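Enquirer: Input file: start_13.cif. Contents: mmCIF, C-alpha atoms and all ligand atoms.
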```cif
data_start
#
loop_
_atom_site.label_atom_id
_atom_site.label_comp_id
_atom_site.auth_asym_id
_atom_site.auth_seq_id
_atom_site.Cartn_x
_atom_site.Cartn_y
_atom_site.Cartn_z
CA MET A 1 92.39 93.62 79.09
CA LEU A 2 91.93 96.08 81.90
CA ARG A 3 93.96 99.20 81.36
CA SER A 4 93.30 102.87 82.08
CA LYS A 5 95.19 106.09 82.74
CA ILE A 6 95.52 104.94 86.37
CA CYS A 7 97.93 102.22 85.16
CA GLN A 8 100.30 104.79 83.59
CA LEU A 9 99.91 107.21 86.49
CA LEU A 10 100.80 104.63 89.14
CA GLU A 11 102.97 102.35 86.97
CA ILE A 12 100.85 99.29 87.70
CA GLU A 13 99.38 96.55 85.52
CA TYR A 14 95.73 96.66 86.64
CA PRO A 15 93.82 99.78 87.83
CA ILE A 16 92.91 97.99 91.06
CA LEU A 17 93.88 99.61 94.36
CA GLN A 18 93.62 97.82 97.67
CA GLY A 19 91.81 99.73 100.41
CA GLY A 20 94.21 101.07 103.06
CA MET A 21 92.42 99.41 105.96
CA ALA A 22 93.73 100.37 109.43
CA TRP A 23 95.00 97.36 111.43
CA VAL A 24 94.17 95.10 108.47
CA ALA A 25 96.26 96.29 105.52
CA THR A 26 99.79 95.43 106.67
CA ALA A 27 102.99 95.03 104.63
CA GLU A 28 102.17 91.42 103.73
CA LEU A 29 98.82 92.27 102.12
CA ALA A 30 100.09 95.44 100.42
CA ALA A 31 103.11 93.63 98.93
CA ALA A 32 100.93 90.74 97.72
CA VAL A 33 98.53 93.11 95.91
CA SER A 34 101.41 95.03 94.32
CA ASN A 35 103.11 91.78 93.28
CA ALA A 36 99.84 90.67 91.68
CA GLY A 37 99.76 93.80 89.48
CA GLY A 38 97.50 96.09 91.52
CA LEU A 39 98.45 98.81 94.00
CA GLY A 40 98.92 97.48 97.52
CA VAL A 41 98.33 100.05 100.24
CA ILE A 42 99.52 99.98 103.86
CA GLY A 43 96.85 101.27 106.25
CA ALA A 44 98.59 103.69 108.60
CA GLY A 45 95.45 104.11 110.72
CA HIS A 46 96.54 105.32 114.15
CA MET A 47 100.17 104.14 113.80
CA PRO A 48 102.93 106.36 115.16
CA GLY A 49 105.52 107.43 112.56
CA GLU A 50 108.18 104.88 113.48
CA ALA A 51 105.73 101.96 113.37
CA LEU A 52 104.73 103.05 109.88
CA ARG A 53 108.39 103.32 108.85
CA ALA A 54 108.92 99.68 109.87
CA GLU A 55 105.85 98.62 107.87
CA ILE A 56 107.07 100.54 104.80
CA ARG A 57 110.51 98.93 105.02
CA LYS A 58 108.93 95.49 105.35
CA THR A 59 106.86 96.18 102.23
CA LYS A 60 109.97 97.29 100.32
CA ALA A 61 111.60 93.99 101.27
CA LEU A 62 108.62 92.03 99.92
CA THR A 63 108.06 93.83 96.61
CA ILE A 64 109.92 95.91 94.05
CA LYS A 65 106.61 97.16 92.62
CA PRO A 66 105.00 100.51 93.50
CA PHE A 67 102.86 100.56 96.64
CA GLY A 68 100.99 103.15 98.68
CA VAL A 69 100.28 104.26 102.23
CA ASN A 70 96.81 105.32 103.36
CA ILE A 71 96.94 108.12 105.88
CA MET A 72 93.97 108.45 108.18
CA LEU A 73 93.67 112.19 108.70
CA MET A 74 91.98 111.88 112.10
CA SER A 75 95.11 110.21 113.51
CA PRO A 76 96.93 112.17 116.24
CA PHE A 77 100.18 111.15 114.45
CA VAL A 78 99.21 112.53 111.05
CA LYS A 79 102.12 115.03 110.84
CA ASP A 80 104.69 112.38 111.81
CA VAL A 81 103.37 109.81 109.36
CA MET A 82 103.35 112.38 106.53
CA GLN A 83 107.01 113.08 107.26
CA VAL A 84 107.79 109.36 107.26
CA VAL A 85 106.19 108.80 103.84
CA VAL A 86 108.24 111.73 102.52
CA ASP A 87 111.50 110.39 104.08
CA GLU A 88 110.80 106.93 102.72
CA ARG A 89 109.83 108.25 99.26
CA VAL A 90 106.58 106.26 99.23
CA PRO A 91 105.33 106.35 95.60
CA VAL A 92 101.60 106.80 96.34
CA VAL A 93 99.61 108.26 99.24
CA THR A 94 95.89 107.83 99.66
CA THR A 95 94.11 109.70 102.45
CA GLY A 96 90.87 109.18 104.29
CA ALA A 97 88.54 110.64 106.89
CA GLY A 98 89.21 114.31 106.18
CA ASN A 99 90.66 117.02 103.96
CA PRO A 100 94.38 116.46 103.18
CA GLY A 101 94.83 119.94 101.61
CA GLU A 102 97.59 121.21 103.93
CA PHE A 103 99.82 118.16 103.27
CA ILE A 104 99.58 118.08 99.48
CA PRO A 105 102.51 120.47 98.73
CA MET A 106 105.05 118.43 100.77
CA LEU A 107 104.00 115.22 99.00
CA LYS A 108 103.91 116.73 95.51
CA GLU A 109 107.36 118.24 96.03
CA ILE A 110 108.98 114.78 96.07
CA GLY A 111 106.78 113.41 93.29
CA THR A 112 104.55 111.23 95.44
CA LYS A 113 101.21 110.64 93.74
CA VAL A 114 98.39 111.88 95.98
CA ILE A 115 94.96 110.25 95.75
CA PRO A 116 92.52 111.38 98.46
CA VAL A 117 89.37 109.48 99.32
CA VAL A 118 86.31 111.73 99.18
CA ALA A 119 82.67 111.18 99.98
CA SER A 120 81.39 114.34 98.27
CA VAL A 121 81.61 116.30 95.00
CA ALA A 122 82.55 119.51 96.85
CA LEU A 123 85.75 118.07 98.35
CA ALA A 124 86.69 116.40 95.05
CA LYS A 125 86.53 119.76 93.25
CA ARG A 126 88.52 121.54 95.98
CA LEU A 127 91.26 118.91 95.92
CA GLU A 128 91.51 118.91 92.14
CA ARG A 129 92.26 122.65 92.32
CA ILE A 130 95.09 122.01 94.83
CA GLY A 131 96.68 119.55 92.40
CA VAL A 132 95.93 115.98 93.51
CA ASP A 133 96.62 113.30 90.89
CA ALA A 134 93.34 111.38 91.11
CA ILE A 135 90.35 111.00 93.41
CA ILE A 136 88.86 107.96 95.09
CA ALA A 137 85.07 108.41 95.32
CA GLU A 138 83.96 106.12 98.14
CA GLY A 139 80.33 105.24 98.64
CA MET A 140 78.60 104.45 101.92
CA GLU A 141 78.52 100.73 101.09
CA SER A 142 82.12 100.61 102.32
CA GLY A 143 83.22 99.29 105.66
CA GLY A 144 84.68 101.62 108.27
CA HIS A 145 84.39 105.41 108.27
CA ILE A 146 81.97 106.46 105.52
CA GLY A 147 80.09 109.37 104.01
CA ASP A 148 76.38 109.33 103.23
CA VAL A 149 76.14 108.89 99.45
CA THR A 150 76.14 105.52 97.67
CA THR A 151 78.83 104.53 95.15
CA MET A 152 76.20 104.38 92.39
CA ALA A 153 75.20 108.01 92.99
CA LEU A 154 78.58 109.46 94.01
CA VAL A 155 80.88 108.16 91.28
CA PRO A 156 79.13 109.64 88.19
CA GLN A 157 78.66 112.99 89.96
CA VAL A 158 82.35 113.18 90.90
CA VAL A 159 83.31 112.07 87.36
CA ASP A 160 81.20 114.92 85.92
CA SER A 161 82.77 117.47 88.29
CA VAL A 162 86.53 116.89 87.87
CA SER A 163 88.98 116.29 84.99
CA ILE A 164 91.40 114.05 86.90
CA PRO A 165 90.87 110.27 86.98
CA VAL A 166 88.28 108.95 89.44
CA ILE A 167 88.62 105.62 91.23
CA ALA A 168 85.40 104.04 92.50
CA ALA A 169 85.23 102.46 95.95
CA GLY A 170 82.51 100.87 98.03
CA GLY A 171 80.60 97.75 97.10
CA ILE A 172 83.12 96.36 94.61
CA ALA A 173 84.40 92.81 95.03
CA ASP A 174 84.31 91.09 91.64
CA ALA A 175 84.32 91.63 87.86
CA ARG A 176 80.67 92.77 87.89
CA GLY A 177 81.57 95.56 90.30
CA VAL A 178 84.61 96.59 88.25
CA ILE A 179 82.54 96.85 85.07
CA ALA A 180 79.78 98.75 86.88
CA ALA A 181 82.41 101.22 88.15
CA PHE A 182 83.80 101.72 84.64
CA ALA A 183 80.24 102.18 83.32
CA LEU A 184 79.88 105.04 85.82
CA GLY A 185 82.99 106.69 84.37
CA ALA A 186 85.62 105.49 86.82
CA ALA A 187 89.18 104.82 85.63
CA GLY A 188 89.92 102.37 88.43
CA VAL A 189 88.57 100.66 91.51
CA GLN A 190 89.53 100.36 95.15
CA ILE A 191 88.69 97.04 96.80
CA GLY A 192 88.81 96.47 100.55
CA THR A 193 86.53 93.75 101.98
CA ARG A 194 87.45 91.17 99.32
CA PHE A 195 91.15 91.47 100.19
CA VAL A 196 90.42 90.93 103.90
CA ALA A 197 89.43 87.39 102.91
CA SER A 198 92.83 86.64 101.38
CA THR A 199 95.49 84.24 102.60
CA GLU A 200 98.08 87.03 102.75
CA CYS A 201 95.95 89.32 104.93
CA THR A 202 97.37 89.15 108.47
CA VAL A 203 94.12 90.03 110.24
CA HIS A 204 92.86 87.58 112.92
CA PRO A 205 91.19 84.47 111.33
CA ASN A 206 87.93 85.29 113.15
CA TYR A 207 87.75 88.56 111.17
CA LYS A 208 88.12 86.70 107.87
CA GLU A 209 85.42 84.23 108.99
CA ALA A 210 83.14 87.18 109.78
CA VAL A 211 83.57 88.45 106.20
CA LEU A 212 82.72 85.00 104.79
CA LYS A 213 79.65 84.72 107.04
CA ALA A 214 78.37 88.25 106.42
CA LYS A 215 75.34 88.85 104.20
CA GLU A 216 74.12 92.08 102.60
CA ARG A 217 72.37 93.21 105.82
CA SER A 218 74.97 92.07 108.34
CA THR A 219 76.42 95.56 108.89
CA VAL A 220 75.09 98.68 110.56
CA VAL A 221 76.25 102.30 110.62
CA THR A 222 77.20 103.44 114.12
CA GLY A 223 78.28 106.81 115.43
CA ARG A 224 76.20 109.02 113.13
CA LEU A 225 75.68 111.37 116.08
CA THR A 226 79.42 111.87 116.60
CA GLY A 227 79.89 113.06 113.03
CA HIS A 228 82.08 110.01 112.34
CA PRO A 229 79.75 107.34 110.97
CA VAL A 230 81.37 103.91 110.84
CA ARG A 231 80.01 100.76 109.17
CA ILE A 232 80.63 97.64 111.26
CA ILE A 233 79.20 94.15 111.56
CA THR A 234 76.18 93.98 113.88
CA ASN A 235 77.40 92.60 117.22
CA LYS A 236 77.46 93.35 120.94
CA LEU A 237 79.47 96.54 120.37
CA SER A 238 77.10 97.82 117.67
CA ARG A 239 74.13 97.18 120.01
CA THR A 240 75.88 99.15 122.76
CA PHE A 241 76.37 102.04 120.31
CA ASP A 242 72.74 101.73 119.30
CA GLU A 243 71.55 102.01 122.91
CA LEU A 244 73.84 104.97 123.55
CA GLU A 245 72.44 106.72 120.49
CA LYS A 246 68.85 106.11 121.63
CA SER A 247 69.60 107.41 125.12
CA GLY A 248 71.13 110.59 123.65
CA ALA A 249 74.57 109.95 125.17
CA ASP A 250 77.39 112.46 124.92
CA PRO A 251 79.50 111.99 121.72
CA GLU A 252 82.55 111.69 123.98
CA GLU A 253 81.02 108.57 125.48
CA PHE A 254 81.05 107.00 121.97
CA ASP A 255 84.71 107.85 121.53
CA ARG A 256 85.54 106.38 124.96
CA ILE A 257 83.73 103.12 124.22
CA GLY A 258 85.01 102.96 120.63
CA ALA A 259 88.70 103.43 121.50
CA GLY A 260 90.82 100.38 120.72
CA ARG A 261 87.86 98.37 119.41
CA LEU A 262 89.24 97.97 115.85
CA ARG A 263 92.47 96.57 117.25
CA ALA A 264 90.46 94.15 119.43
CA ALA A 265 88.71 92.82 116.31
CA ALA A 266 91.69 92.76 113.95
CA LYS A 267 94.43 91.55 116.31
CA ASP A 268 92.62 89.66 119.10
CA GLY A 269 89.74 88.35 116.97
CA ASP A 270 87.09 89.73 119.35
CA MET A 271 83.99 89.52 117.15
CA GLN A 272 81.54 90.67 119.86
CA GLY A 273 83.33 93.50 121.64
CA GLY A 274 85.40 94.51 118.62
CA SER A 275 84.71 96.94 115.79
CA VAL A 276 84.47 94.62 112.77
CA MET A 277 84.60 96.99 109.81
CA VAL A 278 83.25 95.30 106.68
CA GLY A 279 81.51 96.56 103.54
CA GLN A 280 77.99 95.66 102.41
CA ILE A 281 79.40 93.60 99.52
CA ALA A 282 80.72 91.01 102.00
CA GLY A 283 77.85 88.68 101.01
CA VAL A 284 79.54 87.89 97.68
CA VAL A 285 82.81 86.97 99.42
CA THR A 286 82.49 83.27 100.20
CA GLN A 287 86.01 81.90 100.29
CA ILE A 288 89.51 82.79 101.37
CA MET A 289 91.78 82.92 98.33
CA SER A 290 95.31 84.08 97.62
CA VAL A 291 95.63 87.68 96.43
CA LYS A 292 96.94 86.40 93.10
CA ALA A 293 93.88 84.15 92.65
CA ILE A 294 91.54 87.03 93.56
CA MET A 295 93.19 89.29 90.98
CA GLN A 296 93.14 86.54 88.34
CA GLU A 297 89.48 85.81 89.03
CA ILE A 298 88.43 89.46 88.83
CA THR A 299 90.40 90.23 85.67
CA GLY A 300 89.63 86.86 84.09
CA ASP A 301 85.85 87.21 84.57
CA LEU A 302 85.66 90.60 82.81
CA PRO A 303 85.10 89.23 79.26
CA LYS A 304 82.29 86.96 80.49
CA VAL A 305 80.50 89.87 82.21
CA LEU A 306 80.97 92.11 79.16
CA LYS A 307 79.61 89.39 76.86
CA GLU A 308 76.52 89.00 79.03
CA ILE A 309 76.00 92.77 78.89
CA SER A 310 76.47 92.93 75.13
CA GLU A 311 73.81 90.25 74.68
CA THR A 312 71.33 92.66 76.28
CA ILE A 313 72.69 96.06 75.28
CA GLY A 314 74.38 96.91 72.03
O1 LIG A 401 88.73 106.57 105.93
C1 LIG A 401 87.99 105.71 105.51
N1 LIG A 401 87.65 104.62 106.20
C2 LIG A 401 88.08 104.35 107.49
S1 LIG A 401 89.16 105.27 108.40
C3 LIG A 401 89.02 104.23 109.67
S2 LIG A 401 89.85 104.45 111.17
C4 LIG A 401 88.62 105.14 112.13
N2 LIG A 401 88.30 104.49 113.22
C5 LIG A 401 87.34 104.97 114.01
C6 LIG A 401 86.67 106.13 113.70
C7 LIG A 401 86.96 106.77 112.56
C8 LIG A 401 87.96 106.26 111.74
C9 LIG A 401 88.18 103.22 109.36
N3 LIG A 401 87.68 103.30 108.13
N4 LIG A 401 87.49 105.82 104.27
C10 LIG A 401 87.72 106.96 103.49
C11 LIG A 401 86.69 107.98 103.74
N5 LIG A 401 86.95 109.24 103.84
N6 LIG A 401 85.38 107.77 103.89
C12 LIG A 401 84.80 108.98 104.09
C13 LIG A 401 85.80 109.89 104.04
C14 LIG A 401 85.74 111.32 104.16
C15 LIG A 401 84.80 111.95 104.96
C16 LIG A 401 84.80 113.32 105.06
C17 LIG A 401 86.67 112.08 103.45
C18 LIG A 401 86.65 113.43 103.56
C19 LIG A 401 85.72 114.04 104.34
O2 LIG A 401 85.76 115.38 104.31
C20 LIG A 401 85.57 116.15 105.45
C21 LIG A 401 85.94 117.55 105.07
O3 LIG A 401 86.74 118.13 105.79
O4 LIG A 401 85.43 118.02 104.04
#
```
What would the structure in this file look like if it were written as structure tokens?
Ligand code: TUI
Expert:
Amino acid sequence: MLRSKICQLLEIEYPILQGGMAWVATAELAAAVSNAGGLGVIGAGHMPGEALRAEIRKTKALTIKPFGVNIMLMSPFVKDVMQVVVDERVPVVTTGAGNPGEFIPMLKEIGTKVIPVVASVALAKRLERIGVDAIIAEGMESGGHIGDVTTMALVPQVVDSVSIPVIAAGGIADARGVIAAFALGAAGVQIGTRFVASTECTVHPNYKEAVLKAKERSTVVTGRLTGHPVRIITNKLSRTFDELEKSGADPEEFDRIGAGRLRAAAKDGDMQGGSVMVGQIAGVVTQIMSVKAIMQEITGDLPKVLKEISETIG
């Protein structure tokens, strides 16, 4: 059994959300996760509004279950994509890479559930006051754009600071991670990297292979100087960023070199020049499985993990 207030709030079977990964989390992956009883999430990333509308409609054709859209707040199209999720009556919006405060009233007005990703206690408290439905506390183990606090330290401190449900993210890929998150007080989990290595994920096969090959130290955080730290797999691009950082290059130079690199990895499979965003938990992901099998494995392993714990504690 894996039920929490997140299940009632989002009308889903398991309190497992799929990370809204830009260029990676398309309609096919989102629909598969929703059909398997979790909450599938389309990653809007840098999509223009009409591209997102097409992705939402594709998702609606593939599932009758609730699903979400992740809106990346640094996108130049953020206003358009917010309007599209309102027009399309998307049931759940998660946000990332910023403060979604100004958009919350328009989403709440139509009953969309709003669940921002935060990397700090301060933003979690501020957003609770504005009326968000839950919070995703994402640790720096995650792939992509991150904060600077680990999941282990962030989740209990956010849990202690707000009354709304908290969903843990960063470093979770199996039943052990889910139970650890619940031990920290979370009412749900968000899983990204594990779902990249699924049959339904439409990312380039090289990207999935990179997840399978990655170990706990295969990633590095780039772009700390720009104020937008991003965890990616160590490769030619990460070494270029590293050299730029050492030579004290202008932050604009990072942006220029970084532009389009996630697309190159996710669509073209460029594992050297591309930005291969993967979490530190990738080392436990060793095979490509269907989304349904991943969900069954995670939920099915919970009693075993709990039993092992109760033999030591209790
Ligand atoms: O957003 C993510 N992960 C992402 S977004 C992304 S696309 C991108 N590509 C290149 C450069 C930058 C982004 C790839 N991965 N995760 C959620 C997340 N949000 N992590 C950290 C945060 C965050 C950080 C600061 C949320 C709020 C925040 O607050 C700033 C403020 O205004 O208080």
Enquirer: May I ask for the distance between atom CA of Phe67 of chain A and atom CA of Val93 of chain A, given in Å to one decimal place?
Expert: 8.8 Å
Enquirer: Would you list the residues that come within 8 Å of ligand LIG 401 (chain A)? Count all atoms listed in the file and give the answer as a PyMOL selection string.
Expert: chain A and resi 21-22+45-46+72-74+95-99+116-120+122-123+138-140+142-147+228-230+258-259+262+277
Enquirer: If you count only C-alpha atoms, which residues fall within 6 Å of segment 10-15 of chain A, apart from same-chain ones fewer than 5 positions away, as number ranges by chain?
Expert: A: 37-38, 188
Enquirer: Let me make sure I understand: among A:Ala31, A:Gly43, A:Leu52, A:Ala214, which one has the smallest atom-to-atom distance to Ile64 of chain A if we use all atoms listed in the file?
Expert: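 Result for the nearest residue to Ile64 of chain A: A:Ala31.
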Enquirer: Kindly indicate which residue among A:Glu311, A:Asp80, A:Glu243, A:Glu102 lies nearest to Ala51 of chain A, using only C-alpha atoms for the distances.
Expert: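 Using only C-alpha atoms, the shortest distance to Ala51 of chain A belongs to A:Asp80.
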